[in-house]
Structure formats: C-alpha cells, structure tokens
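Before any comments, here is the structure.
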Number of protein chains: 2
Amino acid sequence: MTRAARTRSTRDIARAAVRAELAQVAFDLFRREGFENVTIDDLAQAAGVSRSTFLRYFGTKEDAVLSAFDAHGDQVADALRARPSEEDDWTALRRALDTVMAQYRQDSAGLLSMMRLVRDTRALCARQLEQQHGWRPLLAEALAERGGLSVPATLAVSVKAAAALDCLNIALDHWTASDGEHDLEDLLDEAFAALNPR
Amino acid sequence: MTRAARTRSTRDIARAAVRAELAQVAFDLFRREGFENVTIDDLAQAAGVSRSTFLRYFGTKEDAVLSAFDAHGDQVADALRARPSEEDDWTALRRALDTVMAQYRQDSAGLLSMMRLVRDTRALCARQLEQQHGWRPLLAEALAERGGLSVPATLAVSVKAAAALDCLNIALDHWTASDGEHDLEDLLDEAFAALNPR
DNA sequence: GCTAGTCTGACACTCAGTTTCATCTTTGAC
DNA sequence: GTCAAAGATGAAACTGAGTGTCAGACTAGC
C-alpha cells in the first residue's frame, strides 16, 4: 500500500467517489456519441456539475477515460518487487503483469468496450501511449532494485520494461481486434515468447 | 525511391522548401523562447507568412518540430526489406536502424538540441511517441514480408518491431541525458543486447 | 459558534485548430 | 500569348480546450 493510500481522509474518499462517477458518466457519453462529439460542457452537464469542477477532477477529456488505468503502473511495479529474486527479469515481468491481467479478466466486456473506444480515437491512443510511457521508469526502477545493484535504472532494465509494456499493449491490440475471441493470457504469453531475452 | 518521391512536380519541390524553412524558423524560435511560450501567430510572423499558411504546412505546432523525423519510419522499413533474408529478425532490425543512425551522426549537435527540446516539452514527447507508434506497423509488415510467409503482420513481428523502436528511443534518451558524451551506436548496441530474442 | 481549509460555480481569457471565402499566382493546353 | 483550371495565400469568423481568478458555500476542528 502506498503512502497516498494510507493517509486517506474522508475528503479523499469523497473525492475518489466523485471522480469515479464523473469517469463513468464520461465513458458512457463518449461511447454513445463519440469522443470528439462530446464537449467538456456536455460532460459537466451530464454529470450535474460545472465545467470548472469537471476540469478540476480531470485535466483533460482524455484523462477522464484513461484514469481507469492510472494505478496500473504502480501495481505492476509493486508486483515486480514481490517476485522472488532468483527469478529472471523477463519471467518476473510476465508474472507481474498477471496483476493487471486479473483485473482485465474480471470485467473483460468493460475492457473490450474501453479498448475499442481508445483505439478508435486518435487523441485517446496518443494519451494512452503517454500514460504507459510513464510506467516504464517505474518498472525499470523496480527491476533494478530486484537486481540488488545499481538502483539508478540502467539502459538494460529500461529496455526490458519497455518491451514488456509493448507486449501487454500488442496483446491487448490483437485481443481487441479479435473482439475478445482470443484468450488474452495466451496472446500475452505469445508476445513474451516472441522476445525472449537471456 | 517511393512513388511520392518519383512524381515530384516543381510545386512539390517549392512546397518542401517552404516546409523546411518553416520548420527551421519554428525550431529556432522554440529553442530560444520555449515551446509553450511561442504561439502559432508568433511562428507565422517570424516566418513571414500568415497563420493560415503555417497551419496548412503543419497541422500542429508539434508537427513543425517532429517533421524532421517524418521519413524515418519508411526509411527503416525499406532498409529492413533490403537486409539479406537469411539474417535473423533482430539483427536485421539493428542493421536497418543504421539508416537513421547515419543521419544522426551527420548532425549530432542538431540532434542533441532537438532531443533536448523534445524531452523538455511534454507535448513534444507525447507527439513523438505517437509518431514512432506509427512506425511500428511499417516495420512489422516489412519484417513479415522478409519472413516470406503470412504478410498480415503477426503478433510476433509487431513485438519485435516495437522492441527495436524502444531500443532506439532508450538509446537516444540515455545519449541525450549524457549530453552526447556516450557513443550513440554503442548505446543502441547495448540496448539491443539487453533484449536478445531467439 | 467561529475560523480555517476545501469545494464549487461563474466568468473571463488565451490559444489551438477548423472552415470558409476572396484574391492572387502558376501551370498546362491551345 | 491567352486563357482556364488548379493551387497557394491571407483574412476572418468560429468552436472548444484548458487556465486563472474570485466569491460564495460547505465542513471539520476548536
């Protein structure tokens, strides 16, 4: 559990609830009308808050959608630290991704519609790339710590972290393209197998 | 040589020249004043054209900077197709990147200031991610063709293409962070070595 | 109840990016 | 050379994102 999660006041909980509600309203509206056909004013009105308030919770329209994945970077990094130290990096990365895979499996229909929305919207695609780009240093650092030596993330761990995230992404892409027909875990395994660093 | 390059009218050449000039003016201004402190009006005025014209050449401020890399995706994909078919994918990818590495080496000072500008500007970082994301399918397709079979890019070739692009990126990141002290080729080799798919 | 910190809505503002239209230049055909 | 078509430019209006400010309402702790 992170520091932010430990020190959680009543206000923080209320804020998180409002945030989740706004995100849900936004997602539904985007799905129904299309991302670029919905203005922030529309979102605010649909959610029953002012434009100002909406923009206080989410800096951009994109963030309202992608906030669903906000915690994933830290979650995977934590899972990575929890892997046995004798495990090789690539296997540890694959297993650490089980954390998010479990969440995906829990609501695969929701994930599918989310991924469709993201893939069909250039701005969301771009923002998602940026979001995942931010996870790379988290994974790289966790990987470096696991190695015991050299806490400042080296080039090698960054590359492995980036590649693992690509695998996740590409597996999700193929899964979405198949309308969820293929098994996501299998696709991820296949992606990891394509790149088998020693 | 691509089709677009073959059928090149006088107008196209003039357009390309204007485009290059605008990009240069924009780059200089961004470097001097900072990306977000320069408006499109400023750029247009500095270049002696109207706002409309500037926006016709570059859809966004970001594109004015990153147009410098526009051709790289196709170039690497072409280089990939030119590699001997007996070469393994990973080696072919590494060698195909020599195409862009040669261009970087030719003006490493320019590249360094460009990379610094990009890294220091969130919007440019994001747009660059998007740009490179667009290269992935190009490389994946070239890789698939090389393999002879299954022209529709499979998951495996996508993963390798993505990983190779990450290597390029991360090598550039470290090179930039070292102010160009390290040797870029060495960093790229190191990145490729960290991920050695069979 | 009072006070301090926080949340909210209203409003004004800047700027990015789109679209439309009128004008001017270039090109190619004759 | 002339002329018509196509392309390039500039001007202007417009939508909407995102920022900043401010005043009022709410809440918690004392």
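Just remember, in the structure tokens the first chain shown is A, the second B, etc., residues are 1-based per chain, and ligands are 1-based in the order shown.
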(request) Please provide as JSON, numbers by chain all residues within 7 Å of Glu130 (chain B), with the sequence filter that same-chain residues fewer than 4 positions apart are discarded (counting only C-alpha atoms (C1' of nucleotides)). (result) {"A": [126], "B": [126, 134]}
(request) Can you check which residues of chain A have any atom within 12 Å of chain D? Use only C-alpha atoms (C1' of nucleotides) and format it as a ChimeraX atom specification. (result) /A:9-11,36-42,51-52,54-56,58-62
Those residues you just picked out, can you put them in a file as a PDB file, in the first residue's frame with N, CA, C and O atoms?
```pdb
ATOM      1  N   SER A   9      -8.156  10.606   4.067  1.00  0.00           N
ATOM      2  CA  SER A   9      -9.178  11.277   4.862  1.00  0.00           C
ATOM      3  C   SER A   9     -10.553  11.043   4.250  1.00  0.00           C
ATOM      4  O   SER A   9     -10.676  10.505   3.157  1.00  0.00           O
ATOM      5  N   THR A  10     -11.572  11.447   4.991  1.00  0.00           N
ATOM      6  CA  THR A  10     -12.941  11.363   4.491  1.00  0.00           C
ATOM      7  C   THR A  10     -13.063  12.106   3.163  1.00  0.00           C
ATOM      8  O   THR A  10     -13.714  11.659   2.232  1.00  0.00           O
ATOM      9  N   ARG A  11     -12.414  13.247   3.107  1.00  0.00           N
ATOM     10  CA  ARG A  11     -12.453  14.083   1.893  1.00  0.00           C
ATOM     11  C   ARG A  11     -11.891  13.333   0.700  1.00  0.00           C
ATOM     12  O   ARG A  11     -12.452  13.365  -0.390  1.00  0.00           O
ATOM     13  N   GLU A  36     -15.049  12.796 -29.874  1.00  0.00           N
ATOM     14  CA  GLU A  36     -14.897  14.195 -30.313  1.00  0.00           C
ATOM     15  C   GLU A  36     -16.214  14.935 -30.482  1.00  0.00           C
ATOM     16  O   GLU A  36     -16.209  16.141 -30.698  1.00  0.00           O
ATOM     17  N   ASN A  37     -17.322  14.216 -30.381  1.00  0.00           N
ATOM     18  CA  ASN A  37     -18.616  14.888 -30.468  1.00  0.00           C
ATOM     19  C   ASN A  37     -19.134  15.325 -29.104  1.00  0.00           C
ATOM     20  O   ASN A  37     -20.235  15.865 -29.005  1.00  0.00           O
ATOM     21  N   VAL A  38     -18.370  15.052 -28.076  1.00  0.00           N
ATOM     22  CA  VAL A  38     -18.776  15.421 -26.721  1.00  0.00           C
ATOM     23  C   VAL A  38     -17.843  16.508 -26.200  1.00  0.00           C
ATOM     24  O   VAL A  38     -16.628  16.321 -26.193  1.00  0.00           O
ATOM     25  N   THR A  39     -18.409  17.630 -25.808  1.00  0.00           N
ATOM     26  CA  THR A  39     -17.575  18.699 -25.249  1.00  0.00           C
ATOM     27  C   THR A  39     -17.514  18.553 -23.727  1.00  0.00           C
ATOM     28  O   THR A  39     -18.303  17.812 -23.131  1.00  0.00           O
ATOM     29  N   ILE A  40     -16.599  19.269 -23.131  1.00  0.00           N
ATOM     30  CA  ILE A  40     -16.481  19.229 -21.673  1.00  0.00           C
ATOM     31  C   ILE A  40     -17.757  19.764 -21.045  1.00  0.00           C
ATOM     32  O   ILE A  40     -18.189  19.286 -19.996  1.00  0.00           O
ATOM     33  N   ASP A  41     -18.366  20.736 -21.700  1.00  0.00           N
ATOM     34  CA  ASP A  41     -19.649  21.243 -21.215  1.00  0.00           C
ATOM     35  C   ASP A  41     -20.698  20.129 -21.186  1.00  0.00           C
ATOM     36  O   ASP A  41     -21.457  20.011 -20.227  1.00  0.00           O
ATOM     37  N   ASP A  42     -20.726  19.327 -22.242  1.00  0.00           N
ATOM     38  CA  ASP A  42     -21.669  18.197 -22.278  1.00  0.00           C
ATOM     39  C   ASP A  42     -21.431  17.264 -21.098  1.00  0.00           C
ATOM     40  O   ASP A  42     -22.380  16.834 -20.429  1.00  0.00           O
ATOM     41  N   ARG A  51     -18.552  22.970 -15.481  1.00  0.00           N
ATOM     42  CA  ARG A  51     -17.377  22.736 -16.309  1.00  0.00           C
ATOM     43  C   ARG A  51     -16.101  22.852 -15.462  1.00  0.00           C
ATOM     44  O   ARG A  51     -15.182  22.027 -15.569  1.00  0.00           O
ATOM     45  N   SER A  52     -16.062  23.862 -14.606  1.00  0.00           N
ATOM     46  CA  SER A  52     -14.884  24.065 -13.753  1.00  0.00           C
ATOM     47  C   SER A  52     -14.594  22.829 -12.924  1.00  0.00           C
ATOM     48  O   SER A  52     -13.448  22.375 -12.830  1.00  0.00           O
ATOM     49  N   PHE A  54     -15.569  19.727 -13.374  1.00  0.00           N
ATOM     50  CA  PHE A  54     -15.093  18.604 -14.179  1.00  0.00           C
ATOM     51  C   PHE A  54     -13.609  18.733 -14.474  1.00  0.00           C
ATOM     52  O   PHE A  54     -12.839  17.774 -14.311  1.00  0.00           O
ATOM     53  N   LEU A  55     -13.206  19.932 -14.842  1.00  0.00           N
ATOM     54  CA  LEU A  55     -11.800  20.133 -15.201  1.00  0.00           C
ATOM     55  C   LEU A  55     -10.881  20.077 -13.987  1.00  0.00           C
ATOM     56  O   LEU A  55      -9.676  19.914 -14.122  1.00  0.00           O
ATOM     57  N   ARG A  56     -11.459  20.215 -12.805  1.00  0.00           N
ATOM     58  CA  ARG A  56     -10.632  20.061 -11.615  1.00  0.00           C
ATOM     59  C   ARG A  56     -10.342  18.582 -11.351  1.00  0.00           C
ATOM     60  O   ARG A  56      -9.270  18.224 -10.874  1.00  0.00           O
ATOM     61  N   PHE A  58     -10.462  16.126 -13.783  1.00  0.00           N
ATOM     62  CA  PHE A  58      -9.677  15.602 -14.902  1.00  0.00           C
ATOM     63  C   PHE A  58      -9.151  16.758 -15.722  1.00  0.00           C
ATOM     64  O   PHE A  58      -9.923  17.556 -16.232  1.00  0.00           O
ATOM     65  N   GLY A  59      -7.879  16.816 -15.836  1.00  0.00           N
ATOM     66  CA  GLY A  59      -7.264  17.921 -16.556  1.00  0.00           C
ATOM     67  C   GLY A  59      -7.663  17.972 -18.016  1.00  0.00           C
ATOM     68  O   GLY A  59      -7.691  19.040 -18.623  1.00  0.00           O
ATOM     69  N   THR A  60      -7.955  16.804 -18.585  1.00  0.00           N
ATOM     70  CA  THR A  60      -8.352  16.753 -19.991  1.00  0.00           C
ATOM     71  C   THR A  60      -9.475  15.731 -20.166  1.00  0.00           C
ATOM     72  O   THR A  60      -9.706  14.884 -19.298  1.00  0.00           O
ATOM     73  N   LYS A  61     -10.132  15.793 -21.291  1.00  0.00           N
ATOM     74  CA  LYS A  61     -11.159  14.806 -21.621  1.00  0.00           C
ATOM     75  C   LYS A  61     -10.554  13.410 -21.635  1.00  0.00           C
ATOM     76  O   LYS A  61     -11.162  12.445 -21.155  1.00  0.00           O
ATOM     77  N   GLU A  62      -9.372  13.298 -22.206  1.00  0.00           N
ATOM     78  CA  GLU A  62      -8.715  12.004 -22.321  1.00  0.00           C
ATOM     79  C   GLU A  62      -8.528  11.354 -20.952  1.00  0.00           C
ATOM     80  O   GLU A  62      -8.741  10.145 -20.789  1.00  0.00           O
TER      81      GLU A  62
END
```
Can you check which parts of chain C lie within 10 Å of chain B? Per residue, the shortest pair of atoms and distance in Å to one decimal, counting only C-alpha atoms (C1' of nucleotides), sorted by chain and number, as a Markdown table.
```
| residue | atom | partner | partner_atom | distance |
| --- | --- | --- | --- | --- |
| C:DC15 | C1' | B:Thr39 | CA | 7.4 |
| C:DA16 | C1' | B:Thr60 | CA | 8.0 |
| C:DG17 | C1' | B:Thr60 | CA | 7.7 |
| C:DT26 | C1' | B:Arg11 | CA | 8.8 |
| C:DT27 | C1' | B:Arg11 | CA | 9.6 |
```
(message) Taking only C-alpha atoms into account and nothing else, which residues of chain B lie no more than 12 Å away from chain A? Please answer as a PyMOL selection string.
(response) chain B and resi 89-90+122-134+136-137+140+153-175+177+186-198
(request) Write out as a PyMOL selection string all residues of region 5-94 of chain A that backbone DSSP assigns to helix (DSSP H, G or I). (result) chain A and resi 5-6+10-33+35-37+40-47+51-57+61-69+72-81+89-94
(message) Env of region 12-22 of chain B: 8 Å cut, atoms = only C-alpha atoms (C1' of nucleotides), seq-sep filter 5 positions within chain, self excluded. Answer as a PyMOL selection string.
(response) chain B and resi 47+54+57+64
